[in-house]
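File shown: protein13.cif (mmCIF, C-alpha atoms).
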```
data_start
#
loop_
_atom_site.group_PDB
_atom_site.id
_atom_site.type_symbol
_atom_site.label_atom_id
_atom_site.label_comp_id
_atom_site.auth_asym_id
_atom_site.auth_seq_id
_atom_site.Cartn_x
_atom_site.Cartn_y
_atom_site.Cartn_z
ATOM 1 C CA MET A 92 20.967 5.375 -6.627
ATOM 2 C CA THR A 93 18.483 6.095 -9.407
ATOM 3 C CA LEU A 94 14.846 5.051 -9.299
ATOM 4 C CA ALA A 95 15.428 2.676 -12.220
ATOM 5 C CA SER A 96 18.150 0.780 -10.389
ATOM 6 C CA ARG A 97 16.171 0.714 -7.164
ATOM 7 C CA LEU A 98 13.285 -0.950 -8.977
ATOM 8 C CA LYS A 99 15.607 -3.876 -9.680
ATOM 9 C CA THR A 100 16.080 -4.651 -5.986
ATOM 10 C CA THR A 101 13.839 -6.557 -3.640
ATOM 11 C CA ALA A 102 14.371 -3.935 -0.966
ATOM 12 C CA ALA A 103 13.048 -1.182 -3.196
ATOM 13 C CA ALA A 104 9.956 -3.175 -4.044
ATOM 14 C CA ALA A 105 9.286 -4.091 -0.438
ATOM 15 C CA GLY A 106 9.796 -0.520 0.660
ATOM 16 C CA ARG A 107 6.810 0.539 -1.339
ATOM 17 C CA ASN A 108 4.622 -1.310 1.149
ATOM 18 C CA ALA A 109 5.436 1.601 3.438
ATOM 19 C CA LEU A 110 4.719 4.176 0.725
ATOM 20 C CA GLY A 111 1.406 2.482 -0.016
ATOM 21 C CA ALA A 112 0.513 2.577 3.654
ATOM 22 C CA MET A 113 1.249 6.284 3.823
ATOM 23 C CA LEU A 114 -1.030 6.987 0.854
ATOM 24 C CA GLY A 115 -3.681 4.534 1.956
ATOM 25 C CA LEU A 116 -3.968 4.820 5.728
ATOM 26 C CA GLY A 117 -5.053 7.974 7.522
ATOM 27 C CA LEU A 118 -3.556 6.460 10.655
ATOM 28 C CA ALA A 119 -0.139 7.459 9.302
ATOM 29 C CA ALA A 120 -0.927 11.099 10.060
ATOM 30 C CA ALA A 121 -2.134 10.197 13.543
ATOM 31 C CA ILE A 122 1.158 8.451 14.270
ATOM 32 C CA ALA A 123 3.047 11.471 12.952
ATOM 33 C CA PHE A 124 1.283 13.595 15.543
ATOM 34 C CA GLN A 125 2.840 11.624 18.361
ATOM 35 C CA PRO A 126 6.483 10.698 17.931
ATOM 36 C CA VAL A 127 7.775 7.829 20.013
ATOM 37 C CA GLN A 128 8.454 10.095 22.997
ATOM 38 C CA ALA A 129 4.705 10.773 23.196
ATOM 39 C CA LEU A 130 3.956 7.266 24.404
ATOM 40 C CA ALA A 131 5.203 8.342 27.802
ATOM 41 C CA GLN A 132 1.732 9.934 28.243
ATOM 42 C CA THR A 133 2.550 13.353 26.748
ATOM 43 C CA ALA A 134 0.544 14.313 23.692
ATOM 44 C CA ALA A 135 2.400 16.094 20.901
ATOM 45 C CA PRO A 136 1.009 19.535 20.084
ATOM 46 C CA THR A 137 -0.565 20.022 16.694
ATOM 47 C CA ALA A 138 0.418 22.843 14.405
ATOM 48 C CA ALA A 139 -2.149 25.144 12.879
ATOM 49 C CA PRO A 140 -2.799 24.426 9.189
ATOM 50 C CA VAL A 141 -1.030 26.802 6.847
ATOM 51 C CA ALA A 142 -2.243 28.380 3.617
ATOM 52 C CA THR A 143 -2.001 25.927 0.743
ATOM 53 C CA PRO A 144 0.289 26.853 -2.171
ATOM 54 C CA ARG A 145 -1.282 26.600 -5.620
ATOM 55 C CA ALA A 146 -0.421 23.609 -7.753
ATOM 56 C CA GLU A 147 1.900 23.942 -10.684
ATOM 57 C CA GLY A 148 0.197 22.544 -13.749
ATOM 58 C CA ALA A 149 -2.868 20.331 -13.575
ATOM 59 C CA GLY A 150 -2.707 19.495 -9.874
ATOM 60 C CA PRO A 151 -3.942 16.338 -8.112
ATOM 61 C CA ALA A 152 -6.667 14.210 -9.670
ATOM 62 C CA LEU A 153 -10.341 14.781 -8.877
ATOM 63 C CA TRP A 154 -13.346 12.637 -9.873
ATOM 64 C CA VAL A 155 -17.091 13.260 -9.784
ATOM 65 C CA ILE A 156 -20.143 10.997 -9.542
ATOM 66 C CA ARG A 157 -23.568 12.396 -10.406
ATOM 67 C CA ASP A 158 -27.157 11.218 -10.462
ATOM 68 C CA ALA A 159 -30.432 13.124 -10.656
ATOM 69 C CA ASP A 160 -30.125 14.794 -7.262
ATOM 70 C CA SER A 161 -26.626 13.995 -5.944
ATOM 71 C CA THR A 162 -23.057 15.048 -6.714
ATOM 72 C CA ILE A 163 -20.113 13.310 -5.077
ATOM 73 C CA TYR A 164 -16.482 14.375 -5.569
ATOM 74 C CA LEU A 165 -13.578 11.980 -4.931
ATOM 75 C CA PHE A 166 -10.209 13.560 -4.147
ATOM 76 C CA GLY A 167 -7.061 11.530 -3.483
ATOM 77 C CA THR A 168 -4.825 12.873 -0.722
ATOM 78 C CA VAL A 169 -1.427 12.563 0.891
ATOM 79 C CA HIS A 170 -1.746 12.534 4.676
ATOM 80 C CA VAL A 171 1.578 14.273 5.432
ATOM 81 C CA LEU A 172 3.095 16.972 3.213
ATOM 82 C CA ARG A 173 5.743 19.658 3.246
ATOM 83 C CA PRO A 174 4.106 23.076 3.826
ATOM 84 C CA THR A 175 5.564 24.233 0.493
ATOM 85 C CA THR A 176 3.908 21.505 -1.599
ATOM 86 C CA GLY A 177 1.477 23.080 -4.045
ATOM 87 C CA TRP A 178 -1.762 21.168 -4.554
ATOM 88 C CA ALA A 179 -4.626 23.680 -4.483
ATOM 89 C CA THR A 180 -6.497 24.161 -7.778
ATOM 90 C CA ASP A 181 -9.590 26.046 -8.865
ATOM 91 C CA ARG A 182 -11.484 22.856 -9.630
ATOM 92 C CA VAL A 183 -10.773 21.385 -6.192
ATOM 93 C CA ASP A 184 -11.711 24.676 -4.514
ATOM 94 C CA GLN A 185 -14.948 24.869 -6.468
ATOM 95 C CA ALA A 186 -15.860 21.264 -5.703
ATOM 96 C CA PHE A 187 -15.086 21.693 -2.013
ATOM 97 C CA ASP A 188 -16.957 24.988 -1.730
ATOM 98 C CA SER A 189 -20.028 23.515 -3.429
ATOM 99 C CA ALA A 190 -20.261 20.596 -1.002
ATOM 100 C CA ASP A 191 -22.728 20.546 1.862
ATOM 101 C CA GLN A 192 -20.858 17.706 3.607
ATOM 102 C CA ILE A 193 -17.214 16.627 3.796
ATOM 103 C CA TRP A 194 -16.014 13.037 4.161
ATOM 104 C CA PHE A 195 -12.604 11.736 5.276
ATOM 105 C CA GLU A 196 -11.204 8.334 6.181
ATOM 106 C CA VAL A 197 -11.458 9.474 9.795
ATOM 107 C CA THR A 198 -12.528 12.874 11.059
ATOM 108 C CA ASN A 199 -9.981 13.158 13.877
ATOM 109 C CA PRO A 200 -6.454 12.076 12.863
ATOM 110 C CA ASP A 201 -5.133 14.854 15.125
ATOM 111 C CA ASP A 202 -6.961 13.590 18.234
ATOM 112 C CA THR A 203 -4.017 12.457 20.352
ATOM 113 C CA ALA A 204 -6.225 12.013 23.426
ATOM 114 C CA SER A 205 -8.159 9.297 21.610
ATOM 115 C CA MET A 206 -5.171 7.877 19.786
ATOM 116 C CA MET A 207 -2.906 7.411 22.785
ATOM 117 C CA PRO A 208 -4.842 4.665 24.606
ATOM 118 C CA LEU A 209 -5.409 2.815 21.326
ATOM 119 C CA VAL A 210 -1.714 2.760 20.557
ATOM 120 C CA GLN A 211 -0.869 1.699 24.085
ATOM 121 C CA ARG A 212 -3.449 -1.106 24.018
ATOM 122 C CA LEU A 213 -2.860 -2.406 20.486
ATOM 123 C CA GLY A 214 0.677 -1.295 19.674
ATOM 124 C CA LEU A 215 2.769 -2.284 22.694
ATOM 125 C CA SER A 216 3.954 -5.776 23.607
ATOM 126 C CA PRO A 217 6.568 -5.692 26.390
ATOM 127 C CA GLN A 218 6.171 -9.438 26.913
ATOM 128 C CA THR A 219 7.467 -10.067 23.359
ATOM 129 C CA PRO A 220 10.380 -7.693 22.750
ATOM 130 C CA LEU A 221 10.742 -6.573 19.153
ATOM 131 C CA SER A 222 14.415 -7.536 19.232
ATOM 132 C CA SER A 223 13.432 -11.172 19.826
ATOM 133 C CA LEU A 224 11.619 -11.247 16.488
ATOM 134 C CA LEU A 225 14.511 -9.894 14.408
ATOM 135 C CA ASN A 226 17.865 -11.318 13.430
ATOM 136 C CA ALA A 227 21.174 -9.670 14.310
ATOM 137 C CA GLU A 228 21.387 -7.632 11.094
ATOM 138 C CA GLU A 229 17.790 -6.426 11.433
ATOM 139 C CA ASN A 230 18.362 -5.458 15.051
ATOM 140 C CA ALA A 231 21.416 -3.459 14.010
ATOM 141 C CA ASP A 232 19.295 -1.662 11.402
ATOM 142 C CA LEU A 233 16.619 -1.007 14.035
ATOM 143 C CA GLN A 234 19.164 0.480 16.422
ATOM 144 C CA ALA A 235 20.612 2.689 13.673
ATOM 145 C CA ALA A 236 17.149 3.913 12.640
ATOM 146 C CA ALA A 237 16.212 4.633 16.239
ATOM 147 C CA ALA A 238 19.448 6.538 16.833
ATOM 148 C CA SER A 239 18.881 8.665 13.729
ATOM 149 C CA ILE A 240 15.590 9.969 15.135
ATOM 150 C CA GLY A 241 16.981 10.397 18.649
ATOM 151 C CA VAL A 242 15.178 7.501 20.330
ATOM 152 C CA PRO A 243 16.774 4.716 22.391
ATOM 153 C CA ALA A 244 16.331 1.355 20.674
ATOM 154 C CA ALA A 245 15.117 -0.020 24.021
ATOM 155 C CA GLN A 246 12.118 2.270 23.765
ATOM 156 C CA LEU A 247 11.155 0.744 20.430
ATOM 157 C CA ASP A 248 11.703 -2.743 21.796
ATOM 158 C CA ILE A 249 8.242 -2.838 23.418
ATOM 159 C CA TYR A 250 6.522 -1.921 20.145
ATOM 160 C CA ARG A 251 4.625 -4.453 18.104
ATOM 161 C CA PRO A 252 6.057 -4.690 14.565
ATOM 162 C CA TRP A 253 3.209 -2.710 12.945
ATOM 163 C CA LEU A 254 3.748 0.270 15.260
ATOM 164 C CA ALA A 255 7.518 0.181 14.899
ATOM 165 C CA GLY A 256 7.178 0.028 11.113
ATOM 166 C CA LEU A 257 4.690 2.866 10.904
ATOM 167 C CA THR A 258 6.615 5.043 13.353
ATOM 168 C CA LEU A 259 9.883 4.515 11.515
ATOM 169 C CA SER A 260 8.129 5.190 8.198
ATOM 170 C CA MET A 261 6.946 8.569 9.418
ATOM 171 C CA ALA A 262 9.784 9.787 11.640
ATOM 172 C CA PRO A 263 12.398 10.569 8.938
ATOM 173 C CA LEU A 264 9.731 12.297 6.861
ATOM 174 C CA VAL A 265 8.725 14.607 9.696
ATOM 175 C CA LYS A 266 12.423 15.220 10.368
ATOM 176 C CA ALA A 267 12.837 16.164 6.681
ATOM 177 C CA GLY A 268 10.086 18.776 6.845
ATOM 178 C CA TYR A 269 6.937 16.777 6.151
ATOM 179 C CA ASP A 270 4.235 18.052 8.481
ATOM 180 C CA PRO A 271 0.939 16.348 9.360
ATOM 181 C CA ALA A 272 -0.622 19.787 9.855
ATOM 182 C CA SER A 273 0.049 20.441 6.154
ATOM 183 C CA GLY A 274 -1.509 17.151 5.095
ATOM 184 C CA VAL A 275 -4.556 17.502 2.883
ATOM 185 C CA GLU A 276 -7.116 16.257 5.413
ATOM 186 C CA LEU A 277 -6.211 18.695 8.154
ATOM 187 C CA VAL A 278 -6.106 21.647 5.788
ATOM 188 C CA LEU A 279 -9.540 20.729 4.418
ATOM 189 C CA LYS A 280 -10.868 19.962 7.894
ATOM 190 C CA ALA A 281 -9.972 23.471 9.060
ATOM 191 C CA ARG A 282 -11.635 24.965 5.989
ATOM 192 C CA ALA A 283 -14.760 22.871 6.520
ATOM 193 C CA GLN A 284 -15.033 23.861 10.159
ATOM 194 C CA ALA A 285 -14.569 27.539 9.318
ATOM 195 C CA ALA A 286 -17.365 27.248 6.739
ATOM 196 C CA GLY A 287 -19.634 25.282 9.062
ATOM 197 C CA LYS A 288 -19.648 22.189 6.833
ATOM 198 C CA PRO A 289 -20.456 18.904 8.647
ATOM 199 C CA LEU A 290 -17.654 16.332 8.788
ATOM 200 C CA HIS A 291 -18.089 12.570 8.348
ATOM 201 C CA GLY A 292 -15.690 9.620 8.447
ATOM 202 C CA PHE A 293 -15.836 6.270 6.695
ATOM 203 C CA GLU A 294 -14.061 4.760 9.700
ATOM 204 C CA THR A 295 -13.085 5.541 13.285
ATOM 205 C CA LEU A 296 -9.556 5.766 14.642
ATOM 206 C CA GLU A 297 -10.152 2.553 16.554
ATOM 207 C CA GLU A 298 -11.212 0.759 13.378
ATOM 208 C CA GLN A 299 -8.104 1.948 11.544
ATOM 209 C CA VAL A 300 -5.746 0.966 14.347
ATOM 210 C CA GLY A 301 -7.515 -2.380 14.569
ATOM 211 C CA LEU A 302 -6.956 -3.021 10.859
ATOM 212 C CA ILE A 303 -3.193 -2.768 10.953
ATOM 213 C CA ALA A 304 -2.850 -4.134 14.500
ATOM 214 C CA GLY A 305 -4.846 -7.167 13.395
ATOM 215 C CA LEU A 306 -2.461 -8.088 10.578
ATOM 216 C CA PRO A 307 -0.822 -11.515 10.964
ATOM 217 C CA ASP A 308 2.520 -11.386 12.746
ATOM 218 C CA ASP A 309 4.457 -12.335 9.602
ATOM 219 C CA ALA A 310 2.806 -9.518 7.609
ATOM 220 C CA GLN A 311 3.636 -7.027 10.363
ATOM 221 C CA LEU A 312 7.253 -8.167 10.388
ATOM 222 C CA ASP A 313 7.454 -7.904 6.589
ATOM 223 C CA PHE A 314 6.200 -4.340 6.842
ATOM 224 C CA LEU A 315 8.794 -3.492 9.512
ATOM 225 C CA ARG A 316 11.604 -5.122 7.543
ATOM 226 C CA SER A 317 10.686 -3.230 4.385
ATOM 227 C CA THR A 318 10.725 0.004 6.390
ATOM 228 C CA LEU A 319 14.184 -0.758 7.773
ATOM 229 C CA GLU A 320 15.520 -1.698 4.334
ATOM 230 C CA THR A 321 14.517 1.620 2.797
ATOM 231 C CA PHE A 322 14.775 3.862 5.872
ATOM 232 C CA ASP A 323 17.653 5.954 4.543
ATOM 233 C CA ASN A 324 15.839 6.639 1.243
ATOM 234 C CA ALA A 325 12.301 7.079 2.559
ATOM 235 C CA THR A 326 12.235 10.824 1.946
ATOM 236 C CA VAL A 327 13.553 10.502 -1.613
ATOM 237 C CA GLU A 328 10.908 7.913 -2.467
ATOM 238 C CA LEU A 329 8.063 9.918 -0.950
ATOM 239 C CA ASP A 330 9.261 13.090 -2.687
ATOM 240 C CA ARG A 331 8.937 11.270 -6.012
ATOM 241 C CA LEU A 332 5.508 9.978 -5.139
ATOM 242 C CA VAL A 333 4.252 13.344 -3.897
ATOM 243 C CA GLY A 334 5.511 14.927 -7.111
ATOM 244 C CA SER A 335 3.478 12.413 -9.113
ATOM 245 C CA TRP A 336 0.401 13.017 -6.961
ATOM 246 C CA ALA A 337 0.681 16.812 -7.194
ATOM 247 C CA ALA A 338 0.921 16.529 -10.991
ATOM 248 C CA GLY A 339 -2.167 14.308 -11.223
ATOM 249 C CA ASP A 340 -0.108 11.356 -12.495
ATOM 250 C CA VAL A 341 -2.452 8.564 -11.420
ATOM 251 C CA ALA A 342 -0.493 5.910 -13.332
ATOM 252 C CA ALA A 343 2.674 6.657 -11.355
ATOM 253 C CA ILE A 344 0.844 6.408 -8.025
ATOM 254 C CA GLU A 345 -0.589 3.067 -9.081
ATOM 255 C CA ARG A 346 2.780 1.813 -10.285
ATOM 256 C CA TYR A 347 4.928 2.884 -7.341
ATOM 257 C CA ALA A 348 2.561 2.597 -4.364
ATOM 258 C CA VAL A 349 -0.255 0.202 -5.223
ATOM 259 C CA ASP A 350 1.052 -2.412 -7.677
ATOM 260 C CA GLU A 351 4.188 -3.090 -5.662
ATOM 261 C CA MET A 352 2.208 -3.546 -2.447
ATOM 262 C CA LYS A 353 -0.136 -5.967 -4.191
ATOM 263 C CA GLU A 354 2.739 -8.003 -5.609
ATOM 264 C CA ASP A 355 4.827 -8.098 -2.445
ATOM 265 C CA ASN A 356 2.255 -8.582 0.311
ATOM 266 C CA LEU A 357 -1.282 -9.428 -0.714
ATOM 267 C CA VAL A 358 -2.454 -9.632 2.912
ATOM 268 C CA VAL A 359 -1.378 -6.032 3.598
ATOM 269 C CA TYR A 360 -2.817 -4.912 0.255
ATOM 270 C CA ASP A 361 -6.201 -6.525 0.911
ATOM 271 C CA THR A 362 -6.316 -5.211 4.488
ATOM 272 C CA LEU A 363 -5.267 -1.622 3.836
ATOM 273 C CA LEU A 364 -6.888 -1.117 0.440
ATOM 274 C CA THR A 365 -9.269 -3.650 -1.112
ATOM 275 C CA ARG A 366 -11.552 -4.483 1.802
ATOM 276 C CA ARG A 367 -11.788 -0.864 2.863
ATOM 277 C CA ASN A 368 -12.533 0.265 -0.697
ATOM 278 C CA VAL A 369 -15.402 -2.219 -0.867
ATOM 279 C CA ASN A 370 -16.784 -0.851 2.396
ATOM 280 C CA TRP A 371 -16.457 2.771 1.286
ATOM 281 C CA ALA A 372 -18.054 2.059 -2.092
ATOM 282 C CA GLY A 373 -21.108 0.802 -0.218
ATOM 283 C CA GLN A 374 -21.235 3.961 1.877
ATOM 284 C CA ILE A 375 -20.941 6.082 -1.258
ATOM 285 C CA GLN A 376 -23.864 4.217 -2.821
ATOM 286 C CA THR A 377 -25.888 5.036 0.274
ATOM 287 C CA LEU A 378 -24.950 8.694 -0.161
ATOM 288 C CA LEU A 379 -26.169 8.556 -3.749
ATOM 289 C CA GLU A 380 -29.570 7.403 -2.541
ATOM 290 C CA GLY A 381 -29.936 10.777 -0.831
ATOM 291 C CA SER A 382 -29.427 14.226 -2.302
ATOM 292 C CA GLY A 383 -26.953 17.085 -2.157
ATOM 293 C CA THR A 384 -23.224 17.437 -2.750
ATOM 294 C CA ALA A 385 -20.488 15.605 -0.876
ATOM 295 C CA PHE A 386 -16.719 16.094 -1.104
ATOM 296 C CA ILE A 387 -14.739 12.954 -0.225
ATOM 297 C CA ALA A 388 -11.000 13.193 0.518
ATOM 298 C CA VAL A 389 -9.182 9.891 1.148
ATOM 299 C CA GLY A 390 -5.657 8.563 0.629
ATOM 300 C CA ALA A 391 -4.659 8.613 -3.032
ATOM 301 C CA ALA A 392 -3.907 4.877 -3.046
ATOM 302 C CA HIS A 393 -7.626 4.181 -2.637
ATOM 303 C CA LEU A 394 -8.483 5.914 -5.918
ATOM 304 C CA VAL A 395 -6.119 4.164 -8.349
ATOM 305 C CA GLY A 396 -5.889 0.659 -9.744
ATOM 306 C CA ASP A 397 -8.150 -2.282 -10.463
ATOM 307 C CA ASP A 398 -9.401 -2.456 -6.864
ATOM 308 C CA SER A 399 -9.964 1.273 -6.427
ATOM 309 C CA VAL A 400 -13.162 2.767 -5.071
ATOM 310 C CA GLN A 401 -14.088 3.879 -8.597
ATOM 311 C CA SER A 402 -13.481 0.408 -10.057
ATOM 312 C CA ILE A 403 -15.669 -1.214 -7.422
ATOM 313 C CA LEU A 404 -18.400 1.354 -8.010
ATOM 314 C CA ALA A 405 -18.163 0.768 -11.779
ATOM 315 C CA GLN A 406 -18.808 -2.936 -11.210
ATOM 316 C CA ARG A 407 -21.998 -1.876 -9.445
ATOM 317 C CA GLY A 408 -23.109 0.427 -12.240
ATOM 318 C CA VAL A 409 -21.876 3.703 -10.743
ATOM 319 C CA THR A 410 -19.555 5.797 -12.920
ATOM 320 C CA ALA A 411 -16.909 8.188 -11.597
ATOM 321 C CA THR A 412 -15.585 10.653 -14.188
ATOM 322 C CA ARG A 413 -12.293 12.491 -13.839
ATOM 323 C CA VAL A 414 -12.692 16.275 -13.652
ATOM 324 C CA GLU A 415 -10.345 17.967 -16.093
#
```
Re-express the file's structure as structure tokens.
Amino acid sequence: MTLASRLKTTAAAAGRNALGAMLGLGLAAAIAFQPVQALAQTAAPTAAPVATPRAEGAGPALWVIRDADSTIYLFGTVHVLRPTTGWATDRVDQAFDSADQIWFEVTNPDDTASMMPLVQRLGLSPQTPLSSLLNAEENADLQAAAASIGVPAAQLDIYRPWLAGLTLSMAPLVKAGYDPASGVELVLKARAQAAGKPLHGFETLEEQVGLIAGLPDDAQLDFLRSTLETFDNATVELDRLVGSWAAGDVAAIERYAVDEMKEDNLVVYDTLLTRRNVNWAGQIQTLLEGSGTAFIAVGAAHLVGDDSVQSILAQRGVTATRVE
């Protein structure tokens, strides 16, 4: 099915809630580090970051904010990528190398020791089986999705809807060759540590898990249903979105990941994007009150649209300019 025809269906629109989450929530990479089998107390090993292929053409978008004694770069990321995806550019390298501090959504998306108890505390609900919240058709879809990633449906049955949705969003992508160790944050984190650059996070893992775990039950179920509806095409959709990101096509990211989420589920949109962008804009303003150069790498969904970090900063008199 072509993208044009998919846009005409409710399922396609709803499915972009999952795409928006993957571009807007660093937690997605943390979940990718521990497939469903890991909840049996065994942490999944992390792969060493690989060398980043160079981008073809312009590469992903980069913005800069400057005042008299501060420079702040804003770089939109994808948290999980194929190792072959080219995104490195001279301008990103130069901005990163010039920075004396590096900022991410969270500094430790690969910290399974910290993530495991959070997921077990906030993501499991054996007293309310997932199957009891879904109709017969949805349960059949859940069983088929679970079987395709080699997991008994009974194992997913103790998951809360948000965890089931996020896990099933990530699992086919990892199976198709997407690797959290090749995601932008972990590649840049390794580079920063090798160069002795201090790392900072706008949020903690617990705060991120709390955001999505705190969604109303109906919003969590909508997210899970949208994931099930588009499960078989998840890789195709993300491939398209990653291609747009790698080419610096900000309008396409906004159209396919952000606008659809806003239209289909305003609660999820406000929780995953708007409120966090407002918080981060405040932290960036605090950075501007100091001096030096900071490089900020966060999910690409946070840096596009009317409620983006840059738009919020502009309302406060702070201008972010795209680096060409």
Close residues, range 237-245 of chain A itself excluded, 10 Å, all atoms listed in the file, min 3 positions apart in chain, as a PyMOL selection string = chain A and resi 126-128+220-222+230-234+248-250+255+259+262-263+265-266+323
Between A:Leu118, A:Leu306, A:Ala179, A:Gln218, smallest distance to Thr203 in chain A by only C-alpha atoms belongs to A:Leu118
Ground truth for the PyMOL selection byres ((chain A and resi 164) around 12), written as an MDAnalysis selection string: chainID A and resid 152:157 161:163 165:167 182:195 375 378:379 383:389 394 401 410:414
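Checking A:Trp336, A:Tyr360, A:Trp253, A:Phe322 one by one against Leu172 in chain A, counting all atoms listed in the file, you find the shortest gap at A:Trp336.
Evaluated against this file, the PyMOL selection byres ((chain A and resi 212) around 12) yields Leu130, Ser205, Met206, Met207, Pro208, Leu209, Val210, Gln211, Leu213, Gly214, Leu215, Ser216, Pro217, Ile249, Tyr250, Arg251, Leu254, Glu297, Val300, Gly301 and Ala304 of chain A.
Among the candidates A:Gly292, A:Gly334, A:Gly256, A:Gly177, the residue lying nearest to Thr321 in chain A is A:Gly256 (atoms considered: all atoms listed in the file).
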Q) Excluding same-chain residues fewer than 2 positions from range 343-345 of chain A, what lies within 10 Å of it counting all atoms listed in the file, as a list in words? A) Leu110, Gly111, Leu114, Arg331, Leu332, Val333, Gly334, Ser335, Trp336, Gly339, Asp340, Val341, Tyr347, Ala348, Val349, Asp350, Glu351, Met352, Ala391, Ala392, His393, Leu394, Val395, Gly396, Asp397 and Ser399 of chain A
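The two atoms in question, CA of Asp202 in chain A and CA of Leu247 in chain A, are spaced 22.3 Å apart.
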Starting from 3 Å padding per side, set up an axis-aligned box that covers all listed atoms of range 298-311 of chain A and hand over centre and edge lengths in Å, one decimal, as lines of an AutoDock Vina configuration file.
```
center_x = -3.4
center_y = -5.2
center_z = 11.1
size_x = 21.7
size_y = 20.3
size_z = 13.0
```
